[in-house]
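Trainee: Let me begin by handing over the structure; questions about it come next.
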Amino acid sequence: MTFTPAVKTILDKYESDNPGVKANLARILTHGRLGGTGKLIILPVDQGFEHGPARSFSVNPDAYDPHYHYQLAVDAGLSAFAAPLGMIEAGAGTFAGQIPTILKVYSSNSWATSINQAVTGTVEDALRLGCAAIGFTIYPGADDVFDMMEEISEMSAEAKAVGIPTVIWSYPRGGTLSKAGELALDVGAYAAHMAALLGAHIIKVKLPSGHIEQKDAQKAYEGGDWSTQGLRVKHVVQSCFAGRRIVVFSGGASKETDAVFQDARDIRDGGGNGSIIGRNTFQRSRGDALAMLDKLVRIYKGEE
Amino acid sequence: MTFTPAVKTILDKYESDNPGVKANLARILTHGRLGGTGKLIILPVDQGFEHGPARSFSVNPDAYDPHYHYQLAVDAGLSAFAAPLGMIEAGAGTFAGQIPTILKVYSSNSWATSINQAVTGTVEDALRLGCAAIGFTIYPGADDVFDMMEEISEMSAEAKAVGIPTVIWSYPRGGTLSKAGELALDVGAYAAHMAALLGAHIIKVKLPSGHIEQKDAQKAYEGGDWSTQGLRVKHVVQSCFAGRRIVVFSGGASKETDAVFQDARDIRDGGGNGSIIGRNTFQRSRGDALAMLDKLVRIYKGEE
Amino acid sequence: MTFTPAVKTILDKYESDNPGVKANLARILTHGRLGGTGKLIILPVDQGFEHGPARSFSVNPDAYDPHYHYQLAVDAGLSAFAAPLGMIEAGAGTFAGQIPTILKVYSSNSWATSINQAVTGTVEDALRLGCAAIGFTIYPGADDVFDMMEEISEMSAEAKAVGIPTVIWSYPRGGTLSKAGELALDVGAYAAHMAALLGAHIIKVKLPSGHIEQKDAQKAYEGGDWSTQGLRVKHVVQSCFAGRRIVVFSGGASKETDAVFQDARDIRDGGGNGSIIGRNTFQRSRGDALAMLDKLVRIYKGEE
Amino acid sequence: MTFTPAVKTILDKYESDNPGVKANLARILTHGRLGGTGKLIILPVDQGFEHGPARSFSVNPDAYDPHYHYQLAVDAGLSAFAAPLGMIEAGAGTFAGQIPTILKVYSSNSWATSINQAVTGTVEDALRLGCAAIGFTIYPGADDVFDMMEEISEMSAEAKAVGIPTVIWSYPRGGTLSKAGELALDVGAYAAHMAALLGAHIIKVKLPSGHIEQKDAQKAYEGGDWSTQGLRVKHVVQSCFAGRRIVVFSGGASKETDAVFQDARDIRDGGGNGSIIGRNTFQRSRGDALAMLDKLVRIYKGEE
Amino acid sequence: MTFTPAVKTILDKYESDNPGVKANLARILTHGRLGGTGKLIILPVDQGFEHGPARSFSVNPDAYDPHYHYQLAVDAGLSAFAAPLGMIEAGAGTFAGQIPTILKVYSSNSWATSINQAVTGTVEDALRLGCAAIGFTIYPGADDVFDMMEEISEMSAEAKAVGIPTVIWSYPRGGTLSKAGELALDVGAYAAHMAALLGAHIIKVKLPSGHIEQKDAQKAYEGGDWSTQGLRVKHVVQSCFAGRRIVVFSGGASKETDAVFQDARDIRDGGGNGSIIGRNTFQRSRGDALAMLDKLVRIYKGEE
């Protein structure tokens, strides 16, 4: 398989990484229906850990079974499937080689009394399970954020040495950040930039609103046009080393399909690399999810 | 010995595990009178650590002797015996090979000033003592739950590499959970799901009540029929990867035998894999305990 | 990507391997033009180490450049490229993700005064270079064969733990083996079986002649029909756990294309999994090599 | 290259360090247009982590790209470029060997709820990325300063063993220090002295004001002439083992070029070794930044 | 310092190496009077180990002092200085940063009763001494060559991880090789190729004669024009991955300056990267050596 220029251009930007890391990034970038386009759609299923199984799966009970998600990701031609250890293990034998997997090695839950997480997987797990990457979440703004950053730094260094790339979910939360601030443009761009500085290969943030949270940052955003989501995406991508790192955006809570499609068009038009889309897929029927993902793929291909 | 279809079906679901882990699971699933049925009864004796010896054993002083429990588990034809390090060591020579053992490597006690535990055993201990599994407890909801999860994750990874499966006791406790909430259906299902996501091979939770604790989860349970214990067990099993993981239930505090038998019938009918039953056995006379266990075995065999 | 039945059937036979090993085997089995057929063609370029650069490359000087071989393997749609450390390093950055690579971690040379090899690569090298497998050679029959087997056993165990499969080149040589005996049917089958017993995932042997070398084995082969190459291939495959392991055959010294094609048909018809074909490719012009490989691919697809 | 007396004099003062540390100090001291003068200008770009990307780069959007800073440091003939892990990685392949780099292994951010930092890089990172030094920040005065000092001490010891020097940014902050006190002469000299005592090879502090913060220190400063910045610089240099350690000063927030030039003259005249100058460079256009740096180089050379 | 195209072209070929390795290669390629040309001259002083001090230094007794050699390399503007541990240690403090050093970690001596060497230095030594590379010797053809290759492979892997490149001296010797064969063209090209396959960054061989040693290789060389040293150098360079690796040639025993100059012209014209020249420098007076090296530098610059 000769790489498309789109893939080659992206890989060349990971100039300090060994060929093992590059090969795993390439696995994700060349897999599925978006393979070769430089765009990607990742199916993440960690909501059972974060919100509990019933809130996540009761609307579509087939989704209690990990194989359901693996098969959905395969059948929809997605780029990768991300989940915590137990869920990856529950399907890794059957689906080995059918879909790149991202081992989420960091998990929180609804009952946590601090804004923090537990390390629930290792680089060795990722190797034995054949994963193409590991994934962490950090909560910039939280009291414990330095601990989270240190855990990520150590684990990411270990992963890079054995050819495993890292995906950082950067979700501002806690401390002095307001609820609106968690989605603010300045906050999202900053959170993405911190993930890039921590050495992430793929950065995952939420789609930012037009709100500017930090007083000190007001001036920097004055006079800029942040009126459309596409322009805001563009600024986040710019904040990730002027596009030298892959940036994907989450769809957030489940919503109408039209809104999901518009988000994807905005991500595409703003130069983002794609979507991480969980609840909006598995909280629909399989048929509806496949139809929606098919349209998303076509949007990222520029066909819609 | 050719596996029964029931055992084969269960083992096949552990698709990412090495044959060592599978062989140890098979030891438990094929041992004793329930061997081959896919059901199991485990005798756990860690109450001395949790509540002190007199509260645990004075009603049946023979039970101060670890050999008493080993012999009871053997004579009753149970599937496995679970205990902390010292108690396992006190009988492992005599009973080596007579009953699969589960080394509880995590212990709390009545005087604890935080909701946490101590790591009191190792994977090496499990190997040298010939144990078929290691067992931990986590307290989802507690302030220290992330620490517990990290200890389990590390130890479980180590155990898997040397062919030792892990049993997680998942007991919601602390934080914002109410007392009733500790037994709530939504909470129990969530706790079981977290254990599954942590990579447990066998999950042990308490029989859930019909209470729904979490406001955010109310909607997911609305309209469901949770009126019987069997239906609630079924939901917990569903929450463990749609039945891809072995789930056993504890009987809780000692109670009337009829209640114990009804619990077992509900577990069986709800698709659970069996019981972990401690105080209800050794806090009776040996004769009564054997009679009760005989009936439980017959219930799980579908004979009662 | 959903697996074809052919690939799934093969992968299921590696029943003790972790998903990481399976995923790497799947990478090889699903790559290139033979992806999904259960057949594979591997380009090995270690002849420079074994015979020197001029004997290997002077007839086609472009082949002095490692990129030539990588590109040839990519353009011909082969399944994998195998080479020693330096050659893999010389192209792994450019071609990361474009073709599965097999790191040959064991090398001999023409001046060796013993029938042995040097370990010239590590599992860590394979990980950092993104290789899909490691490859060794053993010389059953040689005085030092036990040393070679021990090195392989250790390294292969290390590789399996991190998801890397092993390819063993099993070449009978030395000791009491006659020159004709090195290619004898009984010897080749025995060599292949030893590789299988050493835990190889992919076994590579030479196409056997009809000669029977070992007196003690004469009786076992009496009355069998070994008259065609296809039948002899079938026996070698049978000797690799009745087809539970992938077996590929080498083309040996460069020869006429018709002979190469007939070999491939015999391998295919005898149930072998494919060819490792080095000199016969790069000692032709690129155009001739591509044409020959195209025909080989079609033969393995059953189209010729 | 024979060392100039200026460089030799400096290196001789690092009399307990191994040749690896000296060689890396020499790389910095002999690089760029100030090479050989004993003076140095370092470009630090960690403001994205500390203040967010927009506040740092929006006035000069080219600066979102890490290559911009590398190239600016190269083209201006600076002595070294300092940045956190992700930014170093984003250019280390392209610029390897073109400019000495300092890996900032410690990072804070604007939302931190404590005056502390996260360890975000390792000595191994510095080696694999070819860095000439590692850099930390400490906040003397902060509640967590002992933790920071311990982290630095451990990491610095590890670095020294493999030939990597350490740069300490010593920024008084927190505790009982007043806002004015953070820049006070006595405080700055004390902070610099603590860095020296921690074993730093290069010490980085802010230019001190004439304010004396500590009551207990008033007497010690009485009667001294601290009226000019040059005299205050001289005192800080004196506090770093009477000039046995390299001391560089930061320019602080962006300001008028004339003020920047005057600072440099004062540093030079007070015996300081140079400037760390970040925002004042990249928050100007590239042309203006190069012109300003050109003049700064000439000032340190004594030409202006 | 912006790289010259010559340097950039060379560095880009080391595509699997981390930026640390590239930066150290760049140190050598940009140092001294040949810095930037892509050519290099290395001063090796290991003859005291190989032949004893008197045979090496008595004709120029100043050369007994390691500082003599360091200073000579500095004053002549050479690219690097290579020596065993003790000699590097004897000057590394004084000359740290003045000249890139190559730690020879492998040494033989005149009294050796086998054709082998001792490992006499480590990667840790190279780091603490600030060396830009490590150097080994292998003796292809010798009975113990596999041991040597294994030592090199392990050490080189360790070095690459911490950013240290490796230089392999590949000297055919022993076994069935004739004395004339040690310098034969086919043998030298093969020896160089093996070093490249072992993962060497810089390969050092002797200038080959026109003799062809191996019967099996005769055909490959038939019809080729090997009449000039330049053509033979070209073939060796081709054998090192078609010029993807730096190749330098040794001058052998001391000889007339005109012969030394002609060698350099041939190396240059054949596309070699430079000379390693030991005895021909320090077995002359310092003045004569400097004059000779000055002329060599000018030859490699194309000025003579």
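Quick note on naming: the chains in the structure tokens go A, B, ... in the order shown, residues restart at 1 in each chain, and ligands are numbered from 1 in order of appearance.
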Which residues, written as a list of chain:residue names, have at least one atom at most 8 Å from C:Ile212, with only C-alpha atoms counted and residues fewer than 6 positions away on the same chain left out?

Mentor: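 Using only C-alpha atoms, the neighbours found are C:Gly181, C:Ala184, C:Leu185, C:Asp186, C:Val187, C:Gln218, C:Tyr221.
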
Trainee: Just want the 12 Å neighbourhood of B:Met87, counted on only C-alpha atoms, with same-chain residues fewer than 5 positions away dropped. Output as a ChimeraX atom specification.

Mentor: /B:44-49,63-70,81-82,92-93,101-105,120-121,129

Trainee: Please identify which residues in stretch 8-103 of chain B DSSP calls helix (DSSP H, G or I) from the backbone, and express them as a ChimeraX atom specification.

Mentor: /B:8-12,19-29,47-51,53-57,61-64,66-75,85-95

Trainee: What gap, in Å, lies between atom CA of A:Lys255 and atom CA of A:Arg279?

Mentor: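 Interatomic distance, atom CA of A:Lys255 to atom CA of A:Arg279: 9.0 Å.
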
Trainee: Show me a table, sorted first by chain and then by increasing residue number, of the residues of chain C having an atom at most 7 Å from chain B, each with its shortest atom pair and the distance in Å to one decimal, counting only C-alpha atoms and written as a Markdown table.

Mentor:
| residue | atom | partner | partner_atom | distance |
| --- | --- | --- | --- | --- |
| C:Ser16 | CA | B:Pro19 | CA | 5.9 |
| C:Asp17 | CA | B:Asn18 | CA | 6.8 |
| C:Asn18 | CA | B:Ser16 | CA | 5.9 |
| C:Pro19 | CA | B:Ser16 | CA | 6.0 |

Trainee: Write the residues of the preceding selection, restricted to all heavy atoms, as a compact mmCIF listing (two decimals), in the first residue's frame.

Mentor:
# COMPACT_ATOMS: atom_id res chain seq x y z
N SER C 16 -3.36 -20.29 21.62
CA SER C 16 -2.72 -19.91 22.89
C SER C 16 -2.10 -18.53 22.82
O SER C 16 -1.48 -18.09 23.79
CB SER C 16 -1.64 -20.93 23.25
OG SER C 16 -2.23 -22.18 23.50
N ASP C 17 -2.21 -17.88 21.71
CA ASP C 17 -1.55 -16.58 21.56
C ASP C 17 -2.44 -15.44 21.99
O ASP C 17 -3.67 -15.50 21.86
CB ASP C 17 -1.10 -16.40 20.11
CG ASP C 17 0.14 -17.21 19.83
OD1 ASP C 17 1.18 -16.89 20.45
OD2 ASP C 17 0.08 -18.17 19.05
N ASN C 18 -1.81 -14.39 22.45
CA ASN C 18 -2.58 -13.22 22.86
C ASN C 18 -3.03 -12.44 21.62
O ASN C 18 -2.53 -12.65 20.51
CB ASN C 18 -1.79 -12.36 23.86
CG ASN C 18 -0.49 -11.83 23.30
OD1 ASN C 18 -0.36 -11.59 22.11
ND2 ASN C 18 0.49 -11.64 24.17
N PRO C 19 -3.98 -11.53 21.81
CA PRO C 19 -4.52 -10.79 20.65
C PRO C 19 -3.46 -9.96 19.93
O PRO C 19 -3.61 -9.71 18.73
CB PRO C 19 -5.58 -9.87 21.29
CG PRO C 19 -6.00 -10.61 22.53
CD PRO C 19 -4.75 -11.27 23.04

Trainee: Hey, what's within 9 Å of D:Phe241 if we count only C-alpha atoms and toss same-chain stuff fewer than 6 positions away? As a list in words, please?

Mentor: His193, Ala196 and Leu197 of chain D

Trainee: Using the selection just defined, write its residues with all heavy atoms as a PDB file, in the first residue's frame.

Mentor:
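Below you can see again_28.pdb, which holds the result:
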ATOM      1  N   HIS D 193      20.580  32.088  44.736  1.00  0.00           N
ATOM      2  CA  HIS D 193      21.502  31.331  45.583  1.00  0.00           C
ATOM      3  C   HIS D 193      20.967  29.922  45.873  1.00  0.00           C
ATOM      4  O   HIS D 193      21.724  28.945  45.852  1.00  0.00           O
ATOM      5  CB  HIS D 193      21.714  32.103  46.897  1.00  0.00           C
ATOM      6  CG  HIS D 193      22.801  31.525  47.759  1.00  0.00           C
ATOM      7  ND1 HIS D 193      24.125  31.484  47.382  1.00  0.00           N
ATOM      8  CD2 HIS D 193      22.744  30.934  48.979  1.00  0.00           C
ATOM      9  CE1 HIS D 193      24.852  30.908  48.340  1.00  0.00           C
ATOM     10  NE2 HIS D 193      24.027  30.569  49.320  1.00  0.00           N
ATOM     11  N   ALA D 196      21.614  27.796  42.935  1.00  0.00           N
ATOM     12  CA  ALA D 196      23.024  27.409  42.907  1.00  0.00           C
ATOM     13  C   ALA D 196      23.280  26.271  43.893  1.00  0.00           C
ATOM     14  O   ALA D 196      23.972  25.292  43.585  1.00  0.00           O
ATOM     15  CB  ALA D 196      23.903  28.615  43.231  1.00  0.00           C
ATOM     16  N   LEU D 197      22.673  26.394  45.073  1.00  0.00           N
ATOM     17  CA  LEU D 197      22.875  25.365  46.089  1.00  0.00           C
ATOM     18  C   LEU D 197      22.214  24.044  45.705  1.00  0.00           C
ATOM     19  O   LEU D 197      22.628  22.978  46.173  1.00  0.00           O
ATOM     20  CB  LEU D 197      22.333  25.850  47.438  1.00  0.00           C
ATOM     21  CG  LEU D 197      23.181  26.950  48.092  1.00  0.00           C
ATOM     22  CD1 LEU D 197      22.449  27.544  49.290  1.00  0.00           C
ATOM     23  CD2 LEU D 197      24.544  26.417  48.524  1.00  0.00           C
TER      24      LEU D 197
END

Trainee: Any idea what's packed within 7 Å of D:Val167, counting only C-alpha atoms, ignoring anything in its chain fewer than 3 positions away? Could you give it as an mmCIF file with N, CA, C and O atoms, in the first residue's frame?

Mentor:
data_model
loop_
_atom_site.group_PDB
_atom_site.id
_atom_site.type_symbol
_atom_site.label_atom_id
_atom_site.label_comp_id
_atom_site.auth_asym_id
_atom_site.auth_seq_id
_atom_site.Cartn_x
_atom_site.Cartn_y
_atom_site.Cartn_z
ATOM 1 N N ALA D 133 20.512 20.242 27.620
ATOM 2 C CA ALA D 133 20.250 20.477 29.043
ATOM 3 C C ALA D 133 18.783 20.203 29.331
ATOM 4 O O ALA D 133 17.961 20.117 28.420
ATOM 5 N N ILE D 134 18.483 20.042 30.632
ATOM 6 C CA ILE D 134 17.085 20.037 31.045
ATOM 7 C C ILE D 134 16.835 21.300 31.857
ATOM 8 O O ILE D 134 17.754 21.849 32.468
ATOM 9 N N GLY D 135 15.594 21.755 31.852
ATOM 10 C CA GLY D 135 15.246 22.962 32.603
ATOM 11 C C GLY D 135 14.053 22.730 33.509
ATOM 12 O O GLY D 135 13.097 22.069 33.112
ATOM 13 N N PHE D 136 14.125 23.239 34.737
ATOM 14 C CA PHE D 136 13.014 23.193 35.699
ATOM 15 C C PHE D 136 12.692 24.597 36.180
ATOM 16 O O PHE D 136 13.541 25.469 36.152
ATOM 17 N N ALA D 200 22.351 23.673 40.293
ATOM 18 C CA ALA D 200 22.083 24.104 38.916
ATOM 19 C C ALA D 200 23.388 24.506 38.229
ATOM 20 O O ALA D 200 24.283 25.065 38.848
ATOM 21 N N HIS D 201 23.451 24.234 36.932
ATOM 22 C CA HIS D 201 24.591 24.685 36.141
ATOM 23 C C HIS D 201 24.341 26.072 35.577
ATOM 24 O O HIS D 201 25.261 26.862 35.430
ATOM 25 N N ILE D 202 23.090 26.323 35.225
ATOM 26 C CA ILE D 202 22.701 27.639 34.721
ATOM 27 C C ILE D 202 21.509 28.097 35.545
ATOM 28 O O ILE D 202 20.566 27.319 35.767
ATOM 29 N N ILE D 203 21.569 29.334 36.006
ATOM 30 C CA ILE D 203 20.517 29.868 36.877
ATOM 31 C C ILE D 203 19.823 30.992 36.140
ATOM 32 O O ILE D 203 20.472 31.857 35.545
#

Trainee: Could you tell me how far atom CA of A:Thr113 lies from atom CA of A:Ala195, in Å and to one decimal?

Mentor: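 So the answer is 24.4 Å.
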
Trainee: Excluding D:His51 and residues on its chain fewer than 6 positions from it, collect all residues at most 9 Å away from it, counting only C-alpha atoms, and give them as a PyMOL selection string.

Mentor: (chain A and resi 190+216-217) or (chain D and resi 109-111)

Trainee: For stretch 264-267 of chain D, find every residue with an atom within 6 Å (counting only C-alpha atoms), except residues of its own chain fewer than 5 positions away, and show them as JSON, numbers by chain.

Mentor: {"D": [229, 230, 272]}

Trainee: With N, CA and C atoms retained, could you export that selection as an mmCIF file, in the first residue's frame?

Mentor:
data_model
loop_
_atom_site.group_PDB
_atom_site.id
_atom_site.type_symbol
_atom_site.label_atom_id
_atom_site.label_comp_id
_atom_site.auth_asym_id
_atom_site.auth_seq_id
_atom_site.Cartn_x
_atom_site.Cartn_y
_atom_site.Cartn_z
ATOM 1 N N GLN D 229 20.418 49.118 37.961
ATOM 2 C CA GLN D 229 20.140 47.722 37.651
ATOM 3 C C GLN D 229 21.438 46.925 37.526
ATOM 4 N N GLY D 230 22.459 47.535 36.983
ATOM 5 C CA GLY D 230 23.753 46.865 36.836
ATOM 6 C C GLY D 230 24.307 46.437 38.192
ATOM 7 N N GLY D 272 26.413 39.658 34.460
ATOM 8 C CA GLY D 272 25.522 38.537 34.139
ATOM 9 C C GLY D 272 25.948 37.886 32.834
#

Trainee: Would you compute the distance between atom CA of A:Ala96 and atom CA of C:Ile42? Give it in Å to one decimal.

Mentor: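 Separation of atom CA of A:Ala96 and atom CA of C:Ile42: 21.4 Å.
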
Trainee: Write down as a list in words the residues belonging to stretch 67-207 of chain C that are assigned strand (DSSP E or B) by DSSP computed on the backbone.

Mentor: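 Here is the list: Ala80, Phe81, Ala82, Ala83, Pro84, Thr101, Ile102, Leu103, Lys104, Tyr106, Ser107, Ala118, Val119, Ala133, Ile134, Gly135, Phe136, Thr137, Ile138, Thr166, Val167, Ile168, Trp169, Ser170, Ile202, Ile203, Lys204, Val205 and Lys206 of chain C.
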
Trainee: Restricting the calculation to only C-alpha atoms: of A:Ser178, A:Ser58, A:Ser156, A:Ser79, which residue gets closest to A:Leu43?

Mentor: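 Distance minimum relative to A:Leu43 lands on A:Ser79.
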
Trainee: Ranking C:Gly278, C:Thr257, C:Ala112, C:Thr9 by minimum distance to E:Pro172 and counting only C-alpha atoms, which one comes first?

Mentor: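 Smallest distance to E:Pro172 is found for C:Ala112.
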